[in-house]
Structure formats: C-alpha cells, structure tokens
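K.L.:
Before I ask anything, let me first share the structure, which is written out below as structure tokens.
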Amino acid sequence: MPPRRTFGRRWWGRAWVEALEQRAKLDPNRLPRGRTYARKGVVDGLAISAGEITAWVRGSRPDPYRVAIRMREFSAEEWDTLLDVAGRRLGHAAALLDGELPEELAVQSREAGADLLPGPGDLRPRCSCPDSANPCKHVAAVYYLVADEVDADPFVLFTLRGRGRDEVLARLRELRAPSAVRPARAPDVGLTPKKAYSRRIAPLPPLPALPGEPGPPAVLDLDPPARTGLTSAALTALAADAASLAFGLLHTRDALADLTFAEDLARRAARPGADVFGLAEAAGVAPSELIVSAQAWREAGRNGLSALRDVWSPSPGPLAAARAELAELPGEVKVWRNRVTAGAVQLRYGRDSRWYRFVRVAGQWWPDGPSAEQPVDLAYPAES
C-alpha cells in the first residue's frame with residue numbers, strides 16, 4: 001500500500017496547514033474530510049491571485065462546485081511593517097531572492113503584527129454546494145492543496161496578502177539600496193488630557209428620513225473591458241439588487257445581512273424578472289436546482305430554503321401528528337427524519353417548528369405554499 005499523501009513538505013507549507021488547523025479557528029471536524037477529498041484528486045483549476053483562491057471541486061453531483069476563498073490583504077501599514085522586518089537583515093532578503101522563506105522572518109513579522117499566515121477571520125470562503133458549514137469539505141480540500149502551492153513557492157503567502165513576488169522583491173531592493181533614505185516621521189504629539197476634556201461634544205445630527213423606495217442605480221456610460229466578462233446591464237442589475245436589499249434592511253430590520261452564498265443566490269433568483277439561468281451559470285449550479293430554491297424562497301424565505309435542504313431528526317411528537325393527518329390520503333404513509341410522505345404529498349418539519357408542504361412533480365419535490373403551525377393546515381389542498 002502506498003504511503004498516505006501528506007500536505008506541506010517544507011516548513012512553510014507545513015506552517016500553512018498548522019495555521020488552518022490551529023490558528024484560523026476553522027471547524028476541526030470538517031478539515032479531515034477536506035484532506036480526504038484533496039487526496040482523491042477532485043480539485044481542478046486551482047488559481048491563486050492577490051487575496052483570493054479559486055478552484056472547482058467535483059462532488060457527488062454531475063456539476064463541480066465553485067470554491068472562492070478570500071484572504072484578508074495587508075494594509076499599507078502592515079506591508080511597511082513586513083518589509084521593514086524583511087529588509088532589516090541581509091539574510092532575510094537573500095533567502096527570499098532564492099525562493100525560500102526564513103522561519104525567523106515569519107516569526108518576527110508575526111510578532112510585529114504582520115502575520116503572513118492566516119489567523120482568525122482572515123479567510124472568507126464561499127462554495128456553491130448546499131453545505132453552510134465553515135469550511136465545507138470542498139473548501140477544506142482547496143485549503144490543503146494550497147499547501148502544495150506554498151511548498152513550491154513561498155511567495156504565494158505574499159500574494160494572498162495582496163502583493164506578488166516582483167513587487168515585494170523590488171521594494172526590498174529599494175530598501176537595501178545605499179541611496180535609500182527613509183524620511184523621518186514627524187512626532188505625533190496628540191492631545192493633552194486638559195485639551196481633550198475641555199473640548200465641547202457636538203450633538204449628533206438627526207437621522208435622515210427613510211426613503212419610500214430604493215433609488216435607481218447609476219448607469220455606466222461604457223461597458224467594462226471585454227476580458228472581465230462583465231456588462232453594464234449585469235452591473236446595473238447587481239447594483240439595483242443591492243439597493244433593494246439595503247432598503248429592506250432599513251425598513252424591516254430583517255436578519256438578511258448574514259445570508260450565506262446559497263441563500264443570497266436563492267433570494268436573487270426569486271426576484272421578479274430574474275435571469276435564473278444566467279445566475280445558475282455564474283454560480284456554477286444546475287438551473288433546475290436554482291429554480292426549486294427560488295420557489296422555496298418565494299414561499300417562505302430562508303426558512304423555506306432550509307426546509308427544502310435540511311434533513312434532521314426532530315422529536316417523535318410532531319411527526320406522529322403529521323402521520324395521522326396524512327393517513328387519509330392515497331398511498332402508504334412513510335416517515336423519514338423530518339419528512340412525512342403520502343403519495344405525491346410530503347410535509348417537512350422545519351427547524352423553526354413549522355410545517356412546510358411539498359408536492360412531487362416530474363420526479364422532484366416542489367415547495368407548495370406558505371408554512372403552517374399545524375400539519376392539518378397543509379395535509380389537504382386549499383378549497384377554491
């Protein structure tokens with residue numbers, strides 16, 4: 001039996017893996033599944049650019065899942081700190097020029113507040129799969145394969161923080177040049193306690209009245225460059241959707257600001273006139289899947305989408321009540337987890353303690369109407 005594949009053969013590759021497993025505050029139960037996926041060779045098209053990792057991951061469905069991971073880029077001040085640490089010693093700069101990352105440099109930069117490796121909140125992943133965990137197994141697989149890229153080129157860490165090899169090395173050469181003179185910083189005297197306490201506090205201005213409707217987005221005079229794949233119409237539609245979402249947040253205070261990628265995709269697809277097929281192609285999901293998700297969102301919002309996707313085991317009481325209500329319908333009544341089925345009708349018990357009705361059409365379960373507190377309200381079609 002061949003030895004099990006490991007990730008991170010050089011110390012900087014191993015440091016990336018250790019940062020994921022110990023310092024980045026990721027779900028430790030999800031990472032082992034990602035290692036297994038990475039070893040299976042199901043990740044394609046891995047690409048790393050400034051502050052971003054993208055890839056396609058093949059899963060149980062025919063279409064691969066789209067993974068995009070954003071890594072927090074350094075501010076200008078953090079870059080000054082890192083380059084100052086790297087340029088302080090000739091050995092650090094020489095090692096970087098040779099394609100190696102001195103461990104001492106990594107430690108010193110972390111202590112100075114410019115850690116190249118990911119810490120809590122630095123990684124913001126998105127995956128087109130329905131799993132809302134952070135990370136899902138597809139994202140975790142990409143994380144481990146990045147260790148191979150870091151192994152081959154430690155400047156991947158610099159790129160993920162926002163600057164590539166050429167820019168970093170050029171700046172290091174400038175700092176090491178004999179003629180490089182760093183301007184002295186003027187001392188920041190700040191405020192004395194006496195001045196601070198003697199300042200008058202200005203009253204806060206009144207909040208402006210909320211608008212009656214979201215305003216129209218600005219129209220671009222020219223299309224973006226063709227290589228971007230974007231159009232003025234697409235950007236205008238995206239801006240209009242963002243304005244509508246902001247308007248809803250101001251008026252209803254609904255918790256829509258923390259939508260997952262799948263939830264926001266379903267919300268956008270549910271809007272009148274939405275280009276569902278275009279959204280599905282851009283998100284890397286099957287159109288049929290997005291159509292059903294949009295229908296679930298139209299019926300009951302994020303709770304309806306949860307009822308469509310979630311499979312869980314509630315207490316027996318609610319399921320027994322639903323089974324009794326469906327007993328008079330044609331077909332055998334079957335109970336599985338949170339779902340009670342009789343023929344072409346299925347009632348699903350949501351995590352919000354409400355019932356959702358689904359009907360089977362062309363071999364697929366479709367959301368059928370709003371939710372209800374009691375299964376009796378959904379067991380039979382409404383009288384016309």
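Following the order of the structure tokens, chains are lettered A, B, ..., residues in each are numbered from 1, and ligands are numbered from 1.
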List as a list in words the protein and nucleic acid residues near Ser293 in chain A, meaning an atom at most 8 Å away when only C-alpha atoms are counted, but skip any in the same chain fewer than 2 places from it.
P.N.:
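Here the answer would be Ala266, Glu289, Leu290, Ile291, Gln295, Ala296, Trp297, Leu305 and Leu308 of chain A.
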K.L.:
Mind checking which residues fall within 9 Å of range 60-63 of chain A, counting only C-alpha atoms, ignoring those fewer than 4 positions away in the same chain, and posting them as a PyMOL selection string?
P.N.:
chain A and resi 284-286
K.L.:
Wanna dump the range 69-108 of chain A-range 156-174 of chain A contacts at 9 Å for me, each residue with its shortest atom pair and the distance in Å to one decimal, counting only C-alpha atoms, ordered by chain and number, as CSV?
P.N.:
```
residue,atom,partner,partner_atom,distance
A:Arg70,CA,A:Leu160,CA,8.4
A:Met71,CA,A:Leu160,CA,6.2
A:Arg72,CA,A:Arg161,CA,6.4
A:Glu73,CA,A:Arg161,CA,4.2
A:Phe74,CA,A:Arg161,CA,5.4
A:Ser75,CA,A:Gly162,CA,8.8
A:Trp79,CA,A:Arg161,CA,8.9
A:Leu83,CA,A:Leu172,CA,6.8
A:Asp84,CA,A:Leu172,CA,8.6
A:Ala86,CA,A:Leu172,CA,7.6
A:Gly87,CA,A:Leu172,CA,6.0
A:Ala93,CA,A:Leu172,CA,6.9
A:Leu96,CA,A:Leu169,CA,7.9
A:Leu97,CA,A:Leu169,CA,7.2
```
K.L.:
When you count only C-alpha atoms, which of these residues is closest to Val276 in chain A: A:Ser244, A:Ser132, A:Thr36, A:Ser288?
P.N.:
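Using only C-alpha atoms, the shortest distance to Val276 in chain A belongs to A:Ser288.
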K.L.:
Can you list, as a list of chain:residue names, all residues belonging to range 60-151 of chain A that DSSP tags as strand (DSSP E)?
P.N.:
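Everything in range 60-151 of chain A that counts as strand (DSSP E) is A:Tyr65, A:Arg66, A:Val67, A:Ala68, A:Ile69, A:Arg70, A:Met71, A:Leu123, A:Arg124, A:Pro125, A:Arg126, A:Cys127.
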K.L.:
Which residue is closest to Leu265 in chain A? Choose from A:Cys127, A:Val142, A:Ile48, A:Ile53 and count only C-alpha atoms.
P.N.:
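Distance minimum relative to Leu265 in chain A lands on A:Cys127.
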K.L.:
For a test of reading the model, state the distance in Å between CA of Pro130 in chain A and CA of Asp148 in chain A, rounded to one decimal.
P.N.:
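Interatomic distance here is 27.1 Å.
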K.L.:
Residues near Leu31 in chain A, anyone? I mean within 12 Å using only C-alpha atoms, not counting same-chain ones fewer than 4 positions away, as number ranges by chain.
P.N.:
A: 17-18, 20-22, 24-27, 35-38, 133-144
K.L.:
So, with only C-alpha atoms as the atoms that count, which of A:Phe261, A:Ala379, A:Trp366, A:Ala202 lies closest to Leu347 in chain A?
P.N.:
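Of A:Phe261, A:Ala379, A:Trp366, A:Ala202, the one nearest Leu347 in chain A, counting only C-alpha atoms, is A:Ala379.
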